[in-house]
$ cat data-v3.txt   # compact mmCIF, C-alpha atoms and all ligand atoms
# COMPACT_ATOMS: atom_id res chain seq x y z
CA MET O 1 -21.10 55.55 12.27
CA SER O 2 -20.21 51.90 12.50
CA LEU O 3 -17.25 49.66 13.02
CA GLN O 4 -16.99 47.41 10.00
CA GLN O 5 -13.92 45.38 10.73
CA LEU O 6 -11.82 44.82 13.85
CA SER O 7 -8.39 43.19 13.83
CA LEU O 8 -6.56 42.31 17.02
CA TYR O 9 -3.02 41.01 17.41
CA ASN O 10 -1.86 39.91 20.85
CA PHE O 11 -4.49 41.98 22.60
CA ARG O 12 -5.24 40.28 25.97
CA ASN O 13 -6.40 36.72 25.17
CA TYR O 14 -6.81 37.44 21.43
CA ARG O 15 -3.69 36.27 19.62
CA ARG O 16 -5.25 36.89 16.22
CA LEU O 17 -8.73 38.09 15.54
CA GLU O 18 -10.32 39.20 12.29
CA PHE O 19 -13.89 40.17 12.98
CA ARG O 20 -16.26 41.60 10.37
CA LEU O 21 -19.09 43.35 12.17
CA PRO O 22 -22.57 43.79 10.80
CA GLN O 23 -24.76 46.82 11.53
CA GLY O 24 -27.50 46.70 14.13
CA ILE O 25 -27.49 44.68 17.32
CA ILE O 26 -24.60 42.28 17.71
CA THR O 27 -24.77 39.89 20.65
CA ILE O 28 -21.83 37.86 21.78
CA GLN O 29 -22.35 35.04 24.23
CA GLY O 30 -19.52 33.39 26.07
CA ASP O 31 -18.79 31.64 29.33
CA ASN O 32 -16.69 33.38 31.95
CA ALA O 33 -13.10 34.24 31.01
CA GLN O 34 -13.49 33.73 27.23
CA GLY O 35 -12.87 37.27 26.01
CA LYS O 36 -16.13 39.23 26.21
CA THR O 37 -14.81 42.15 28.23
CA ASN O 38 -11.47 42.03 26.41
CA LEU O 39 -13.18 42.53 23.06
CA LEU O 40 -15.12 45.58 24.23
CA GLU O 41 -12.03 46.90 25.98
CA ALA O 42 -10.13 46.76 22.66
CA ILE O 43 -12.87 48.72 20.89
CA PHE O 44 -13.07 51.28 23.69
CA TYR O 45 -9.30 51.63 23.59
CA LEU O 46 -9.41 52.35 19.88
CA ALA O 47 -12.11 54.97 20.50
CA THR O 48 -10.44 56.75 23.41
CA THR O 49 -6.81 55.49 23.59
CA ARG O 50 -7.57 54.44 27.15
CA SER O 51 -8.56 51.17 28.72
CA PRO O 52 -11.71 51.43 30.80
CA ARG O 53 -10.34 49.04 33.38
CA THR O 54 -6.61 49.43 33.72
CA GLY O 55 -4.19 52.32 33.77
CA SER O 56 -1.38 49.98 32.87
CA ASP O 57 -1.20 49.24 29.16
CA THR O 58 1.35 46.46 29.70
CA GLU O 59 -1.53 44.25 30.85
CA LEU O 60 -3.06 44.55 27.39
CA VAL O 61 -0.30 42.67 25.59
CA HIS O 62 -0.82 38.91 25.42
CA TRP O 63 1.20 37.05 28.04
CA LEU O 64 2.71 34.75 25.44
CA ALA O 65 3.89 37.69 23.36
CA TRP O 66 5.96 38.84 26.35
CA GLU O 67 7.55 35.39 26.53
CA GLU O 68 7.88 34.40 22.91
CA GLU O 69 8.45 37.47 20.79
CA PRO O 70 11.72 39.37 20.58
CA ILE O 71 9.84 42.68 20.54
CA PRO O 72 6.47 42.13 22.21
CA TYR O 73 3.63 44.27 20.87
CA CYS O 74 -0.11 44.35 20.49
CA ARG O 75 -2.16 45.99 17.77
CA ILE O 76 -5.76 47.10 17.37
CA ILE O 77 -7.07 48.06 13.93
CA GLY O 78 -10.59 49.21 13.16
CA HIS O 79 -12.23 50.19 9.91
CA VAL O 80 -14.90 52.74 10.64
CA GLN O 81 -17.62 53.75 8.22
CA GLN O 82 -19.01 57.26 8.50
CA GLY O 83 -21.51 57.98 5.75
CA LYS O 84 -19.58 57.21 2.58
CA GLU O 85 -16.18 57.68 4.18
CA GLU O 86 -14.14 54.89 5.61
CA GLU O 87 -11.28 55.41 8.04
CA ARG O 88 -8.66 52.97 9.17
CA LEU O 89 -7.77 53.54 12.82
CA GLU O 90 -4.81 51.83 14.39
CA VAL O 91 -3.07 51.70 17.75
CA VAL O 92 0.12 49.74 18.29
CA LEU O 93 1.71 49.23 21.70
CA THR O 94 5.30 48.10 21.37
CA SER O 95 7.71 47.11 24.12
CA GLN O 96 10.53 49.61 24.41
CA ASN O 97 12.93 47.33 26.19
CA GLY O 98 12.40 43.96 24.55
CA LYS O 99 10.89 41.19 26.60
CA ASN O 100 10.99 40.89 30.35
CA LYS O 101 14.04 43.04 30.93
CA GLY O 102 13.21 44.76 34.16
CA ARG O 103 10.26 47.08 34.14
CA ARG O 104 8.05 46.77 31.09
CA THR O 105 7.41 49.97 29.19
CA LEU O 106 5.41 50.44 26.03
CA ARG O 107 5.39 52.98 23.25
CA LYS O 108 1.97 53.94 21.92
CA GLN O 109 1.72 54.64 18.20
CA VAL O 110 -1.45 55.87 16.63
CA SER O 111 -2.24 56.11 12.97
CA ILE O 112 -5.22 57.19 10.93
CA ASN O 113 -5.37 55.92 7.37
CA ARG O 114 -1.79 54.74 7.88
CA VAL O 115 -0.51 58.24 8.68
CA ASN O 116 1.09 58.61 12.12
CA ARG O 117 -0.89 60.91 14.39
CA ARG O 118 -0.99 61.98 18.02
CA ALA O 119 -3.10 59.91 20.37
CA LEU O 120 -5.52 62.78 20.88
CA ASP O 121 -6.21 62.94 17.14
CA LEU O 122 -7.76 59.50 17.37
CA VAL O 123 -10.27 60.41 20.07
CA GLY O 124 -13.67 61.25 18.62
CA ARG O 125 -13.21 59.34 15.34
CA MET O 126 -15.39 56.53 16.62
CA PRO O 127 -17.65 57.99 19.32
CA THR O 128 -18.39 55.18 21.74
CA VAL O 129 -20.36 54.70 24.92
CA LEU O 130 -19.56 51.77 27.17
CA PHE O 131 -21.92 50.36 29.79
CA TYR O 132 -20.37 47.88 32.12
CA PRO O 133 -20.97 46.66 35.65
CA GLN O 134 -18.06 48.68 37.07
CA ASP O 135 -19.84 51.89 36.01
CA ILE O 136 -21.28 51.96 39.50
CA ALA O 137 -17.88 53.26 40.60
CA LEU O 138 -18.96 56.55 39.02
CA VAL O 139 -21.37 56.97 41.89
CA ASP O 140 -19.56 55.37 44.79
CA ASP O 141 -15.88 55.90 44.10
CA GLY O 142 -13.67 59.00 44.48
CA PRO O 143 -13.73 62.11 42.28
CA ALA O 144 -10.90 61.07 39.92
CA ILE O 145 -13.12 58.56 38.14
CA ARG O 146 -15.87 61.15 37.67
CA ARG O 147 -13.41 63.69 36.21
CA ARG O 148 -12.10 61.02 33.88
CA TYR O 149 -15.64 60.21 32.83
CA LEU O 150 -16.37 63.86 31.98
CA ASP O 151 -13.10 64.17 30.11
CA ILE O 152 -13.57 61.05 28.00
CA THR O 153 -17.13 62.04 27.15
CA LEU O 154 -16.19 65.62 26.25
CA CYS O 155 -13.08 64.62 24.33
CA GLN O 156 -15.17 62.37 22.14
CA MET O 157 -17.56 65.23 21.38
CA GLU O 158 -15.26 68.27 21.17
CA ARG O 159 -11.85 68.09 19.60
CA SER O 160 -10.90 71.44 21.11
CA TYR O 161 -11.68 70.19 24.65
CA CYS O 162 -9.20 67.40 24.22
CA ARG O 163 -6.48 69.81 23.13
CA THR O 164 -7.19 72.24 25.98
CA LEU O 165 -7.14 69.40 28.49
CA SER O 166 -3.82 68.18 27.20
CA HIS O 167 -2.36 71.73 27.48
CA TYR O 168 -3.81 72.07 30.96
CA ASN O 169 -2.41 68.78 32.21
CA ARG O 170 1.06 69.64 30.98
CA LEU O 171 0.74 73.09 32.52
CA ILE O 172 -0.09 71.61 35.94
CA THR O 173 3.03 69.44 35.83
CA ARG O 174 5.24 72.41 34.97
CA ARG O 175 3.55 74.78 37.37
CA ASN O 176 3.93 72.24 40.19
CA ALA O 177 7.63 71.99 39.42
CA LEU O 178 7.90 75.77 39.55
CA LEU O 179 5.99 75.91 42.86
CA ARG O 180 8.44 73.41 44.34
CA THR O 181 11.37 75.49 43.13
CA LEU O 182 9.88 78.61 44.68
CA ARG O 183 9.37 76.72 47.93
CA ASP O 184 12.87 75.31 48.02
CA GLU O 185 14.60 78.51 47.04
CA ARG O 186 12.39 80.67 49.24
CA PHE O 187 12.15 83.24 46.56
CA ILE O 188 8.94 84.75 45.30
CA GLY O 189 9.06 86.70 42.14
CA ASP O 190 6.57 87.08 39.35
CA GLN O 191 7.54 83.88 37.55
CA LEU O 192 4.12 82.51 38.36
CA ALA O 193 2.21 85.27 36.60
CA TYR O 194 2.46 83.76 33.11
CA TRP O 195 1.51 80.29 34.32
CA ASN O 196 -1.37 81.66 36.35
CA GLU O 197 -2.87 83.36 33.31
CA LYS O 198 -2.67 80.15 31.29
CA LEU O 199 -4.12 78.25 34.23
CA VAL O 200 -7.10 80.60 34.27
CA GLU O 201 -7.53 80.53 30.49
CA TRP O 202 -7.43 76.77 29.97
CA GLY O 203 -8.92 75.90 33.35
CA THR O 204 -11.93 78.11 32.76
CA THR O 205 -12.56 76.50 29.37
CA ILE O 206 -12.47 73.05 30.95
CA MET O 207 -14.83 74.02 33.77
CA TRP O 208 -17.17 75.77 31.39
CA GLU O 209 -17.42 72.74 29.11
CA ARG O 210 -17.89 70.40 32.05
CA TYR O 211 -20.60 72.60 33.47
CA HIS O 212 -22.52 72.64 30.19
CA LEU O 213 -22.19 68.91 29.72
CA LEU O 214 -23.44 68.23 33.25
CA ASP O 215 -26.27 70.66 32.81
CA GLU O 216 -27.35 68.78 29.68
CA LEU O 217 -26.88 65.39 31.32
CA ASP O 218 -28.82 66.54 34.37
CA GLY O 219 -31.91 67.17 32.27
CA LEU O 220 -31.60 63.99 30.22
CA ALA O 221 -30.61 61.70 33.09
CA GLY O 222 -33.33 63.18 35.31
CA GLU O 223 -35.93 62.16 32.74
CA ARG O 224 -34.48 58.67 32.27
CA HIS O 225 -34.25 58.24 36.01
CA ARG O 226 -37.89 59.22 36.43
CA GLN O 227 -38.89 56.48 33.98
CA LEU O 228 -36.59 53.94 35.63
CA SER O 229 -37.89 54.67 39.10
CA ASN O 230 -41.55 54.90 38.06
CA GLY O 231 -41.66 58.61 38.66
CA GLU O 232 -40.94 58.32 42.35
CA GLU O 233 -37.55 59.95 42.56
CA ARG O 234 -35.75 62.85 40.92
CA LEU O 235 -32.06 62.54 40.12
CA HIS O 236 -29.84 65.60 39.89
CA LEU O 237 -26.27 65.79 38.68
CA ILE O 238 -24.49 68.63 40.39
CA TYR O 239 -21.20 70.05 39.25
CA ARG O 240 -18.82 70.90 42.10
CA PRO O 241 -15.80 72.74 40.76
CA SER O 242 -13.12 73.41 43.35
CA VAL O 243 -12.93 77.07 42.33
CA VAL O 244 -16.58 77.85 42.99
CA LEU O 245 -16.69 75.83 46.20
CA LEU O 246 -13.82 77.83 47.64
CA GLU O 247 -15.48 81.02 46.55
CA ARG O 248 -18.57 80.35 48.59
CA ASP O 249 -16.82 78.88 51.64
CA ALA O 250 -19.45 76.18 51.94
CA PRO O 251 -17.75 73.21 50.35
CA ASP O 252 -20.45 70.58 50.44
CA GLU O 253 -23.64 72.29 49.58
CA VAL O 254 -23.12 74.84 46.86
CA PRO O 255 -23.92 73.80 43.32
CA PHE O 256 -22.53 75.63 40.33
CA PRO O 257 -24.66 78.79 40.24
CA SER O 258 -26.63 78.78 37.02
CA ALA O 259 -26.40 82.56 36.75
CA MET O 260 -22.61 82.44 36.61
CA SER O 261 -21.00 83.64 33.39
CA ARG O 262 -17.74 82.46 31.96
CA GLU O 263 -16.13 85.79 32.89
CA MET O 264 -17.28 85.46 36.50
CA LEU O 265 -15.85 81.98 36.64
CA ALA O 266 -12.50 83.20 35.28
CA ALA O 267 -12.48 86.13 37.72
CA GLY O 268 -13.26 83.79 40.64
CA PHE O 269 -10.47 81.46 39.56
CA ARG O 270 -8.00 84.36 39.36
CA ARG O 271 -9.00 85.53 42.86
CA GLN O 272 -8.54 82.04 44.32
CA ILE O 273 -5.12 81.66 42.77
CA ALA O 274 -4.02 84.95 44.32
CA ARG O 275 -5.50 84.00 47.67
CA TYR O 276 -3.90 80.55 47.78
CA GLN O 277 -0.49 81.49 46.44
CA ASN O 278 1.34 80.93 49.71
CA GLU O 279 -0.39 77.62 50.38
CA GLU O 280 0.42 76.47 46.88
CA ILE O 281 4.08 77.29 47.27
CA ALA O 282 4.21 75.61 50.67
CA ALA O 283 2.56 72.51 49.20
CA GLY O 284 4.60 72.63 46.00
CA MET O 285 1.39 71.83 44.20
CA THR O 286 -1.49 73.46 42.32
CA LEU O 287 -4.36 73.27 44.78
CA ILE O 288 -7.23 74.83 42.83
CA GLY O 289 -8.53 74.14 39.37
CA PRO O 290 -10.44 71.61 37.32
CA HIS O 291 -7.99 68.84 38.24
CA ARG O 292 -9.73 69.02 41.65
CA ASP O 293 -13.33 69.08 40.35
CA ASP O 294 -16.10 66.69 41.18
CA PHE O 295 -19.81 66.20 40.58
CA SER O 296 -22.41 64.49 42.68
CA PHE O 297 -25.48 62.37 42.08
CA ARG O 298 -28.35 63.54 44.24
CA VAL O 299 -31.75 61.99 44.74
CA GLN O 300 -34.25 63.98 46.78
CA GLY O 301 -31.35 66.27 47.66
CA ARG O 302 -29.17 63.52 49.16
CA ASP O 303 -25.79 62.48 47.83
CA LEU O 304 -26.08 58.92 46.51
CA ARG O 305 -22.42 58.29 47.20
CA LEU O 306 -23.09 58.63 50.91
CA TYR O 307 -26.73 57.70 51.27
CA GLY O 308 -27.75 55.71 48.20
CA SER O 309 -28.66 52.04 48.36
CA ARG O 310 -26.89 49.77 45.89
CA GLY O 311 -30.05 49.66 43.77
CA GLN O 312 -30.37 53.45 43.75
CA GLN O 313 -26.73 53.78 42.72
CA ARG O 314 -27.23 51.33 39.87
CA THR O 315 -30.34 53.11 38.66
CA ALA O 316 -28.54 56.47 38.71
CA THR O 317 -25.61 55.05 36.75
CA LEU O 318 -27.90 53.56 34.15
CA ALA O 319 -29.77 56.87 33.83
CA LEU O 320 -26.44 58.67 33.35
CA LYS O 321 -25.31 56.25 30.64
CA LEU O 322 -28.60 56.49 28.75
CA ALA O 323 -28.33 60.28 29.03
CA GLU O 324 -24.77 60.17 27.73
CA VAL O 325 -25.95 58.33 24.61
CA GLU O 326 -28.63 60.97 24.06
CA ALA O 327 -26.26 63.88 24.67
CA MET O 328 -23.72 62.49 22.22
CA THR O 329 -26.40 61.86 19.62
CA LEU O 330 -27.69 65.42 19.98
CA ARG O 331 -24.27 67.00 19.70
CA LEU O 332 -22.83 64.77 17.01
CA GLY O 333 -25.96 64.33 14.96
CA ALA O 334 -25.46 60.55 14.92
CA MET O 335 -25.65 57.81 17.48
CA PRO O 336 -22.40 56.61 19.03
CA LEU O 337 -21.32 53.00 18.94
CA LEU O 338 -22.74 51.31 22.03
CA LEU O 339 -20.91 48.64 23.98
CA LEU O 340 -22.78 46.79 26.71
CA ASP O 341 -20.69 44.39 28.72
CA ASP O 342 -22.77 41.83 30.52
CA VAL O 343 -25.10 44.43 32.01
CA MET O 344 -28.43 42.80 31.25
CA ALA O 345 -28.07 40.12 33.90
CA GLU O 346 -28.20 42.58 36.74
CA LEU O 347 -31.24 44.50 35.50
CA ASP O 348 -34.85 43.65 36.25
CA ALA O 349 -37.35 43.12 33.40
CA HIS O 350 -38.50 46.78 33.36
CA ARG O 351 -34.96 48.12 33.10
CA ARG O 352 -33.95 45.50 30.51
CA ALA O 353 -36.88 46.53 28.36
CA MET O 354 -35.89 50.20 28.70
CA VAL O 355 -32.31 49.49 27.71
CA LEU O 356 -33.32 47.35 24.74
CA GLY O 357 -35.87 50.00 23.74
CA SER O 358 -33.19 52.67 23.66
CA LEU O 359 -31.01 50.48 21.45
CA ALA O 360 -33.64 50.19 18.76
CA GLU O 361 -32.47 53.39 17.06
CA ALA O 362 -28.77 52.64 17.26
CA GLU O 363 -26.74 52.06 14.15
CA GLN O 364 -24.55 49.53 15.90
CA VAL O 365 -24.55 47.96 19.35
CA ILE O 366 -22.40 45.19 20.74
CA ILE O 367 -23.82 43.35 23.74
CA THR O 368 -22.06 40.58 25.58
CA THR O 369 -23.74 38.05 27.81
CA THR O 370 -23.03 34.74 29.48
CA ASP O 371 -26.59 33.64 29.02
CA TRP O 372 -29.10 34.06 26.18
CA SER O 373 -32.02 34.00 28.59
CA VAL O 374 -31.49 37.68 29.48
CA PHE O 375 -33.02 38.63 26.12
CA PRO O 376 -36.78 38.47 25.64
CA ALA O 377 -37.57 35.80 23.00
CA ASN O 378 -38.91 38.29 20.45
CA SER O 379 -35.74 40.42 20.55
CA ILE O 380 -33.39 37.60 19.55
CA LYS O 381 -34.44 37.42 15.93
CA GLU O 382 -33.35 41.04 15.38
CA MET O 383 -29.82 40.34 16.54
CA THR O 384 -26.76 38.92 14.86
CA ARG O 385 -25.51 36.32 17.29
CA TYR O 386 -21.98 35.17 17.97
CA ARG O 387 -20.23 32.97 20.43
CA VAL O 388 -16.82 33.68 21.92
CA ALA O 389 -14.60 30.94 23.33
CA ALA O 390 -10.92 31.23 24.21
CA GLY O 391 -10.35 34.36 22.15
CA GLN O 392 -12.15 33.09 19.00
CA ILE O 393 -15.44 34.47 17.73
CA LEU O 394 -17.92 32.33 15.81
CA LEU O 395 -21.07 33.40 14.00
CA LEU O 396 -24.14 31.44 15.13
CA THR O 397 -26.80 30.67 12.58
P1 LIG O 401 -16.50 37.16 32.49
O1 LIG O 401 -17.78 36.54 32.02
O2 LIG O 401 -15.97 36.46 33.68
O3 LIG O 401 -16.55 38.64 32.64
P2 LIG O 401 -14.99 37.56 30.03
O4 LIG O 401 -15.38 36.69 28.87
O5 LIG O 401 -15.42 38.94 30.02
O6 LIG O 401 -15.42 36.80 31.37
P3 LIG O 401 -12.32 38.59 29.84
O7 LIG O 401 -12.26 39.59 30.92
O8 LIG O 401 -12.52 39.07 28.46
O9 LIG O 401 -13.41 37.47 30.18
O10 LIG O 401 -10.99 37.72 29.94
C1 LIG O 401 -10.79 36.57 29.16
C2 LIG O 401 -9.49 35.92 29.52
O11 LIG O 401 -8.42 36.74 29.11
C3 LIG O 401 -9.31 35.67 31.01
O12 LIG O 401 -9.03 34.31 31.21
C4 LIG O 401 -8.09 36.49 31.34
O13 LIG O 401 -7.28 35.86 32.32
C5 LIG O 401 -7.37 36.53 30.01
N1 LIG O 401 -6.39 37.63 29.90
C6 LIG O 401 -6.40 38.85 30.46
N2 LIG O 401 -5.30 39.57 30.14
C7 LIG O 401 -4.58 38.77 29.33
C8 LIG O 401 -3.31 38.91 28.66
N3 LIG O 401 -2.59 40.03 28.75
N4 LIG O 401 -2.86 37.87 27.93
C9 LIG O 401 -3.59 36.74 27.80
N5 LIG O 401 -4.76 36.52 28.41
C10 LIG O 401 -5.26 37.52 29.17
MG MG O 402 -16.30 40.18 31.47

$ encode --input "data-v3.txt" --output "structure tokens"
Amino acid sequence: MSLQQLSLYNFRNYRRLEFRLPQGIITIQGDNAQGKTNLLEAIFYLATTRSPRTGSDTELVHWLAWEEEPIPYCRIIGHVQQGKEEERLEVVLTSQNGKNKGRRTLRKQVSINRVNRRALDLVGRMPTVLFYPQDIALVDDGPAIRRRYLDITLCQMERSYCRTLSHYNRLITRRNALLRTLRDERFIGDQLAYWNEKLVEWGTTIMWERYHLLDELDGLAGERHRQLSNGEERLHLIYRPSVVLLERDAPDEVPFPSAMSREMLAAGFRRQIARYQNEEIAAGMTLIGPHRDDFSFRVQGRDLRLYGSRGQQRTATLALKLAEVEAMTLRLGAMPLLLLDDVMAELDAHRRAMVLGSLAEAEQVIITTTDWSVFPANSIKEMTRYRVAAGQILLLT
């Protein structure tokens, strides 16, 4: 799988970009604030319909478009080659209320081969793994970012996961509304029964998929981590679903029991929902389920979020990302597109060599850097080199 051509219109600091991408390792050098991260952000957005760094799509539209154009918009188009097939993927974000009139809102339109599709149909067409310095937040930030990470990874690998997740998220919104009504009207009937069954059905699927992904990543990341830390430490990724934690009444310590079956998980979920019904109504909110899940990074049994040094957290994140690439390759039968945003600078020589080594097999990799010196001299001749300045990309010869 490779991205052959990328076109950007008004995306961040790219007013117009037409970029033909070769296969293999593409390196893009640029000073600060020239458009390195923006370029990778655009590609990641096309792959997942989400920005890795902002939840607010309005930031993605070029400032000048908001000032100069009657209907501000931005557009990302990618031509993706998969074997002999080529697909044209497109996302357009268009202002719904013209320019600058009060709060800015955007409409997201997705098309595949010029046919309008839902956003979730786009996900998985161009499997992509992004490494960037903010990945460390996966270890040291709150659970929401880790759930999002699992979801984006799974959605890119399993179409059905993405659909189930979208059903589940809508269900939570509607169930919460119903819980608030029950609270306010002080009336408890069996209206919840239907929603509870759906909650168990979709929620169990989500937990089950997350558990299997983490189990796979645990093995792969553990091995990568051993190499990165010269065999001195063992990393474990431990799934902590809210349902199972409640079940055991020992919130911090219990991992997902490996002997648990899908049926046991569903039964446990059903029990918890019955047990917490009154609390849920009082809170007007769904309190148990995969929207409350988490996972932890443990080294020698200790949670890196609480006890890890900065270096240990970085090593664990890198191990996870390398594992993610392997897991995707195993499941999809082809390597994903790799995007590395300025990550070489913060790695020591051993880790740089490991990262570059793992890229050797990749069909296509895009690496940005401020400084060529991060690459060992003998690796440079195998790369196609570009320079980015003020939203323009130039091939270097
Ligand atoms: P660094 O090396 O510091 O990470 P970078 O090359 O990755 O730099 P980017 O994050 O890609 O830089 O940002 C490039 C420029 O794009 C910045 O000057 C930023 O202010 C600008 N920019 C961000 N959003 C927009 C937007 N909506 N419209 C126009 N320019 C924008
Ligand atoms: Mg950057």

$ atom_distance --input "data-v3.txt" --atom1 "CA of Ser258 in chain O" --atom2 "CA of Leu287 in chain O"
24.2 Å

$ residues_near_ligand --input "data-v3.txt" --ligand "ligand MG 402 (chain O)" --cutoff "8 Å" --atoms "all atoms listed in the file" --output "number ranges by chain"
O: 32-33, 35-38, 341-342

$ closest_atom_pairs --input "data-v3.txt" --of "chain O" --to "ligand LIG 401 (chain O)" --cutoff "8 Å" --atoms "only C-alpha atoms and all ligand atoms" --output "Markdown table"
| residue | atom | partner | partner_atom | distance |
| --- | --- | --- | --- | --- |
| O:Asn10 | CA | O:LIG401 | N4 | 7.4 |
| O:Phe11 | CA | O:LIG401 | N3 | 6.7 |
| O:Arg12 | CA | O:LIG401 | C8 | 3.6 |
| O:Asn13 | CA | O:LIG401 | N5 | 3.6 |
| O:Tyr14 | CA | O:LIG401 | C9 | 7.2 |
| O:Gly30 | CA | O:LIG401 | O4 | 6.0 |
| O:Asp31 | CA | O:LIG401 | O1 | 5.7 |
| O:Asn32 | CA | O:LIG401 | O1 | 3.3 |
| O:Ala33 | CA | O:LIG401 | O9 | 3.3 |
| O:Gln34 | CA | O:LIG401 | O4 | 3.9 |
| O:Gly35 | CA | O:LIG401 | O8 | 3.1 |
| O:Lys36 | CA | O:LIG401 | O4 | 3.8 |
| O:Thr37 | CA | O:LIG401 | O5 | 3.7 |
| O:Asn38 | CA | O:LIG401 | O8 | 3.8 |
| O:Leu39 | CA | O:LIG401 | O8 | 6.4 |
| O:Thr58 | CA | O:LIG401 | N3 | 7.6 |
| O:Glu59 | CA | O:LIG401 | N3 | 4.8 |
| O:Leu60 | CA | O:LIG401 | N3 | 4.7 |
| O:Val61 | CA | O:LIG401 | N3 | 4.7 |
| O:His62 | CA | O:LIG401 | N4 | 3.4 |
| O:Trp63 | CA | O:LIG401 | N4 | 4.1 |
| O:Leu64 | CA | O:LIG401 | N4 | 6.9 |
| O:Asp341 | CA | O:LIG401 | O5 | 7.7 |
| O:Asp342 | CA | O:LIG401 | O3 | 7.3 |
| O:Thr369 | CA | O:LIG401 | O1 | 7.5 |
| O:Thr370 | CA | O:LIG401 | O1 | 6.1 |
| O:Val388 | CA | O:LIG401 | O4 | 7.7 |
| O:Ala390 | CA | O:LIG401 | C2 | 7.2 |
| O:Gly391 | CA | O:LIG401 | C1 | 7.4 |

$ residues_around --input "data-v3.txt" --residues "Arg125 in chain O" --least-positions-apart "4" --cutoff "10 Å" --atoms "only C-alpha atoms" --output "number ranges by chain"
O: 1, 46-48, 80, 82, 87-89, 112, 121, 156-157, 159

$ closest_residue --input "data-v3.txt" --among "O:Ala319, O:Met207, O:Ala327, O:Leu150" --to "Ile288 in chain O" --atoms "only C-alpha atoms"
O:Met207

$ atom_distance --input "data-v3.txt" --atom1 "CA of Leu3 in chain O" --atom2 "CA of Glu86 in chain O"
9.6 Å

$ residues_around --input "data-v3.txt" --residues "Ile145 in chain O" --least-positions-apart "5" --cutoff "12 Å" --atoms "only C-alpha atoms" --output "mmCIF file with C-alpha atoms, in the frame of the given file"
data_model
loop_
_atom_site.group_PDB
_atom_site.id
_atom_site.type_symbol
_atom_site.label_atom_id
_atom_site.label_comp_id
_atom_site.auth_asym_id
_atom_site.auth_seq_id
_atom_site.Cartn_x
_atom_site.Cartn_y
_atom_site.Cartn_z
ATOM 1 C CA PRO O 52 -11.710 51.430 30.800
ATOM 2 C CA ARG O 53 -10.340 49.040 33.380
ATOM 3 C CA GLY O 55 -4.190 52.320 33.770
ATOM 4 C CA GLN O 134 -18.060 48.680 37.070
ATOM 5 C CA ASP O 135 -19.840 51.890 36.010
ATOM 6 C CA ILE O 136 -21.280 51.960 39.500
ATOM 7 C CA ALA O 137 -17.880 53.260 40.600
ATOM 8 C CA LEU O 138 -18.960 56.550 39.020
ATOM 9 C CA VAL O 139 -21.370 56.970 41.890
ATOM 10 C CA ASP O 140 -19.560 55.370 44.790
ATOM 11 C CA LEU O 150 -16.370 63.860 31.980
ATOM 12 C CA ASP O 151 -13.100 64.170 30.110
ATOM 13 C CA ILE O 152 -13.570 61.050 28.000
ATOM 14 C CA HIS O 291 -7.990 68.840 38.240
ATOM 15 C CA ARG O 292 -9.730 69.020 41.650
ATOM 16 C CA ASP O 293 -13.330 69.080 40.350
ATOM 17 C CA ASP O 294 -16.100 66.690 41.180
ATOM 18 C CA PHE O 295 -19.810 66.200 40.580
ATOM 19 C CA SER O 296 -22.410 64.490 42.680
#

$ residues_around --input "data-v3.txt" --residues "range 378-387 of chain O" --least-positions-apart "2" --cutoff "9 Å" --atoms "only C-alpha atoms" --output "ChimeraX atom specification"
/O:22-30,356,372,375-376,389,392-397

$ write_last_selection --input "data-v3.txt" --atoms "C-alpha atoms" --output "PDB file, in the coordinates of the input"
ATOM      1  CA  PRO O  22     -22.570  43.790  10.800  1.00  0.00           C
ATOM      2  CA  GLN O  23     -24.760  46.820  11.530  1.00  0.00           C
ATOM      3  CA  GLY O  24     -27.500  46.700  14.130  1.00  0.00           C
ATOM      4  CA  ILE O  25     -27.490  44.680  17.320  1.00  0.00           C
ATOM      5  CA  ILE O  26     -24.600  42.280  17.710  1.00  0.00           C
ATOM      6  CA  THR O  27     -24.770  39.890  20.650  1.00  0.00           C
ATOM      7  CA  ILE O  28     -21.830  37.860  21.780  1.00  0.00           C
ATOM      8  CA  GLN O  29     -22.350  35.040  24.230  1.00  0.00           C
ATOM      9  CA  GLY O  30     -19.520  33.390  26.070  1.00  0.00           C
ATOM     10  CA  LEU O 356     -33.320  47.350  24.740  1.00  0.00           C
ATOM     11  CA  TRP O 372     -29.100  34.060  26.180  1.00  0.00           C
ATOM     12  CA  PHE O 375     -33.020  38.630  26.120  1.00  0.00           C
ATOM     13  CA  PRO O 376     -36.780  38.470  25.640  1.00  0.00           C
ATOM     14  CA  ALA O 389     -14.600  30.940  23.330  1.00  0.00           C
ATOM     15  CA  GLN O 392     -12.150  33.090  19.000  1.00  0.00           C
ATOM     16  CA  ILE O 393     -15.440  34.470  17.730  1.00  0.00           C
ATOM     17  CA  LEU O 394     -17.920  32.330  15.810  1.00  0.00           C
ATOM     18  CA  LEU O 395     -21.070  33.400  14.000  1.00  0.00           C
ATOM     19  CA  LEU O 396     -24.140  31.440  15.130  1.00  0.00           C
ATOM     20  CA  THR O 397     -26.800  30.670  12.580  1.00  0.00           C
TER      21      THR O 397
END

$ atom_distance --input "data-v3.txt" --atom1 "CA of Arg114 in chain O" --atom2 "CA of Thr49 in chain O"
16.5 Å

$ residues_near_point --input "data-v3.txt" --point "(-32.6, 59.4, 43.0)" --cutoff "9 Å" --atoms "all atoms listed in the file" --output "list in words"
Gly222, His225, Arg226, Ser229, Glu232, Glu233, Arg234, Leu235, His236, Phe297, Arg298, Val299, Gln300, Gly301, Arg302, Asp303, Leu304, Gly308, Gln312, Gln313, Thr315 and Ala316 of chain O
